[in-house]
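Below is one structure, written out as structure tokens; comments come after it.
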Amino acid sequence: MAMIRPLQRPVPLRQSVYDALIDLIVGGELPPGQHMVETDLAGQLGVSRQPIREALHRMEAEGWVDLRPSQGAFVHVPTDSEVDELLDVRALLEAETARLAAAGGGSQAPQARQARLREICAEGQAAAEADDFGGAVAANNAFHAEIAVMGGNAVLAELAGIVGRRVQWYYRMVAPERGHGSWAEHAELVDVIEAGDPERAQALARKHTERTRQAYHGPRSAS
């Protein structure tokens, strides 16, 4: 029997709208508490209000927005407990991906992957020094995604990516406070991964998440 290839289907409009709105939230264009007006969003994205409405309902179910009767949609304002719960999960996932990366679990050439980590670190450090917080946040996400790939566990990498998207949103709120310290920690983690020390890599990854937690709560506890 001849090999039958699946048809290449375009991404449904509702999925494209959903992705676009999530990107606007994660990227900071729609900050926490922002009123999301359907007509404005539809005009900006060049679509009708129906896919906007569908996306907003899905985003409410996933905790990205709040739908208020007679008021509309608003970007969700994360509570401290929500942040803590997410960072607890992140600590578990990233500690394990770091351990696997240091143990050489990835199927790609280790040296090439390690070089990519160094490259991302340089990009992130440069962004932090230039006060380019958007660039620093994007580099931070890329760094942790690369480590997940190096770990060689596809399921773990997928889960880390899902959690990482929301962490990227929260991290934007603390990027100025974390700044250079975060990239110094990243560089230290790369050293340990290159040295092939799984236990140390696991410990550093956990400590890294805890410092992000402290940065998130610090400004708020002082106010």
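Numbering starts fresh at 1 for the residues of each chain in the structure tokens, the chains themselves are lettered A, B, ... in the order given, and ligands are numbered from 1 as they appear.
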For Lys207 of chain A, please output as a PyMOL selection string all residues within 10 Å (counting only C-alpha atoms; exclusion window: fewer than 6 positions along the same chain).
-> chain A and resi 91+95+185+201+213
Selected residues, C-alpha atoms, written as a PDB file, in the first residue's frame, please.
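As written to disk, result-v5.pdb reads:
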ATOM      1  CA  ALA A  91      10.737  23.859  40.592  1.00  0.00           C
ATOM      2  CA  ALA A  95      15.044  20.530  38.630  1.00  0.00           C
ATOM      3  CA  GLU A 185      22.635  31.901  38.006  1.00  0.00           C
ATOM      4  CA  ALA A 201      22.383  20.888  38.498  1.00  0.00           C
ATOM      5  CA  ARG A 213       9.781  33.464  44.004  1.00  0.00           C
TER       6      ARG A 213
END
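Residues lying within 12 Å of Leu24 of chain A, counting only C-alpha atoms and ignoring same-chain neighbours fewer than 2 positions away, are Val17, Tyr18, Asp19, Ala20, Leu21, Ile22, Val26, Gly27, Gly28, Glu29, Leu30, Pro31, Pro32, Gln34, Met36, Leu41, Gln44, Leu45, Trp64, Val75, Gly134 and Trp169 of chain A.
The spacing separating atom CA of Glu194 of chain A from atom CA of Ala102 of chain A amounts to 6.7 Å.
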With DSSP run on the backbone, what are the helix (DSSP H, G or I) residues within segment 6-116 of chain A? I'd like them as a short mmCIF file (atom, residue, chain, number, x, y, z; two decimals) with C-alpha atoms, in the first residue's frame.
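Okay, out_33.cif is ready:
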data_model
loop_
_atom_site.label_atom_id
_atom_site.label_comp_id
_atom_site.auth_asym_id
_atom_site.auth_seq_id
_atom_site.Cartn_x
_atom_site.Cartn_y
_atom_site.Cartn_z
CA LEU A 13 -9.02 30.94 13.19
CA ARG A 14 -10.15 30.50 16.80
CA GLN A 15 -6.78 28.92 17.65
CA SER A 16 -4.88 31.73 15.93
CA VAL A 17 -6.89 34.33 17.85
CA TYR A 18 -6.33 32.47 21.11
CA ASP A 19 -2.57 32.28 20.49
CA ALA A 20 -2.42 35.97 19.57
CA LEU A 21 -4.22 37.03 22.75
CA ILE A 22 -2.04 34.83 24.95
CA ASP A 23 1.06 36.31 23.32
CA LEU A 24 -0.23 39.82 24.06
CA ILE A 25 -0.68 38.90 27.74
CA VAL A 26 2.63 37.09 28.08
CA GLU A 38 -14.02 42.63 22.18
CA THR A 39 -14.62 45.22 19.46
CA ASP A 40 -11.17 46.74 19.92
CA LEU A 41 -9.45 43.35 19.86
CA ALA A 42 -11.44 42.26 16.81
CA GLY A 43 -10.41 45.42 14.98
CA GLN A 44 -6.75 45.08 15.90
CA LEU A 45 -6.60 41.42 14.87
CA ARG A 49 -16.05 39.34 17.46
CA GLN A 50 -17.08 35.66 17.45
CA PRO A 51 -13.55 34.11 17.54
CA ILE A 52 -12.55 36.77 20.08
CA ARG A 53 -15.46 35.73 22.30
CA GLU A 54 -14.60 32.03 21.90
CA ALA A 55 -10.96 32.67 22.79
CA LEU A 56 -11.90 34.71 25.87
CA HIS A 57 -14.11 31.92 27.21
CA ARG A 58 -11.31 29.42 26.75
CA MET A 59 -8.83 31.79 28.39
CA GLU A 60 -11.16 32.24 31.35
CA ALA A 61 -11.28 28.47 31.86
CA ASP A 80 0.29 35.24 45.52
CA SER A 81 -0.98 31.71 46.13
CA GLU A 82 -1.36 31.10 42.38
CA VAL A 83 2.20 32.25 41.78
CA ASP A 84 3.50 30.02 44.58
CA GLU A 85 1.63 26.98 43.26
CA LEU A 86 2.96 27.52 39.74
CA LEU A 87 6.52 28.01 40.97
CA ASP A 88 6.23 24.83 43.04
CA VAL A 89 5.46 22.93 39.84
CA ARG A 90 8.16 24.77 37.94
CA ALA A 91 10.74 23.86 40.59
CA LEU A 92 9.89 20.16 40.22
CA LEU A 93 9.97 20.19 36.41
CA GLU A 94 13.07 22.29 35.93
CA ALA A 95 15.04 20.53 38.63
CA GLU A 96 14.44 17.28 36.77
CA THR A 97 15.18 18.71 33.31
CA ALA A 98 18.43 20.19 34.64
CA ARG A 99 19.37 16.84 36.20
CA LEU A 100 18.72 15.00 32.94
CA ALA A 101 20.59 17.62 30.90
CA ALA A 102 23.64 17.28 33.16
CA PRO A 110 25.89 17.88 23.83
CA GLN A 111 28.54 20.40 22.79
CA ALA A 112 26.22 22.09 20.30
CA ARG A 113 23.47 22.32 22.91
CA GLN A 114 25.86 23.67 25.53
CA ALA A 115 27.12 26.27 23.08
CA ARG A 116 23.52 27.32 22.46
#
Residue list (strand (DSSP E), DSSP) for segment 34-148 of chain A, as a PyMOL selection string = chain A and resi 35-36+65-68+72-75
Would you kindly return, as an MDAnalysis selection string, each protein, DNA or RNA residue with an atom no farther than 9 Å from any atom of segment 123-133 of chain A, considering only C-alpha atoms and excluding same-chain residues fewer than 4 positions away?
-> chainID A and resid 118:119 137:140 143 172 175:176 179:180 182:184
Would you mind exporting the chosen residues as a CSV table (one decimal), in the first residue's frame, restricted to N, CA, C and O atoms?
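Everything below was put into part.csv:
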chain,number,residue,atom,x,y,z
A,118,ARG,N,25.1,28.9,26.2
A,118,ARG,CA,26.0,30.0,26.4
A,118,ARG,C,25.6,31.2,25.5
A,118,ARG,O,25.6,32.4,26.0
A,119,GLU,N,25.1,30.9,24.3
A,119,GLU,CA,24.7,32.0,23.4
A,119,GLU,C,23.5,32.7,24.0
A,119,GLU,O,23.4,33.9,24.0
A,137,VAL,N,13.2,38.6,29.1
A,137,VAL,CA,12.1,37.6,29.4
A,137,VAL,C,12.1,36.5,28.3
A,137,VAL,O,12.0,35.3,28.6
A,138,ALA,N,12.2,36.9,27.0
A,138,ALA,CA,12.2,36.0,25.9
A,138,ALA,C,13.5,35.0,26.0
A,138,ALA,O,13.4,33.8,25.8
A,139,ALA,N,14.6,35.6,26.4
A,139,ALA,CA,15.8,34.8,26.5
A,139,ALA,C,15.7,33.8,27.6
A,139,ALA,O,16.2,32.7,27.6
A,140,ASN,N,15.1,34.3,28.7
A,140,ASN,CA,14.9,33.4,29.9
A,140,ASN,C,14.1,32.2,29.5
A,140,ASN,O,14.4,31.1,29.9
A,143,PHE,N,16.1,29.9,27.3
A,143,PHE,CA,17.1,29.2,28.1
A,143,PHE,C,16.6,27.9,28.7
A,143,PHE,O,17.1,26.8,28.6
A,172,ARG,N,7.9,38.3,33.8
A,172,ARG,CA,8.0,39.7,33.3
A,172,ARG,C,7.7,40.7,34.4
A,172,ARG,O,8.3,41.8,34.4
A,175,ALA,N,11.3,40.8,36.2
A,175,ALA,CA,12.5,40.9,35.4
A,175,ALA,C,13.4,42.0,35.8
A,175,ALA,O,14.6,41.9,35.9
A,176,PRO,N,12.9,43.2,36.1
A,176,PRO,CA,13.8,44.3,36.6
A,176,PRO,C,14.5,44.0,37.9
A,176,PRO,O,15.7,44.3,38.0
A,179,GLY,N,17.0,40.8,37.0
A,179,GLY,CA,18.1,41.4,36.2
A,179,GLY,C,19.4,40.5,36.0
A,179,GLY,O,19.3,39.4,35.6
A,180,HIS,N,20.5,41.1,36.4
A,180,HIS,CA,21.8,40.4,36.2
A,180,HIS,C,21.9,39.2,37.1
A,180,HIS,O,22.6,38.2,36.7
A,182,SER,N,19.8,36.9,37.8
A,182,SER,CA,19.3,35.7,37.1
A,182,SER,C,20.2,35.1,36.1
A,182,SER,O,20.4,33.9,36.0
A,183,TRP,N,20.9,36.0,35.3
A,183,TRP,CA,21.8,35.5,34.3
A,183,TRP,C,23.1,34.9,34.9
A,183,TRP,O,23.7,34.0,34.3
A,184,ALA,N,23.5,35.4,36.0
A,184,ALA,CA,24.7,34.8,36.7
A,184,ALA,C,24.3,33.4,37.1
A,184,ALA,O,25.2,32.5,37.0
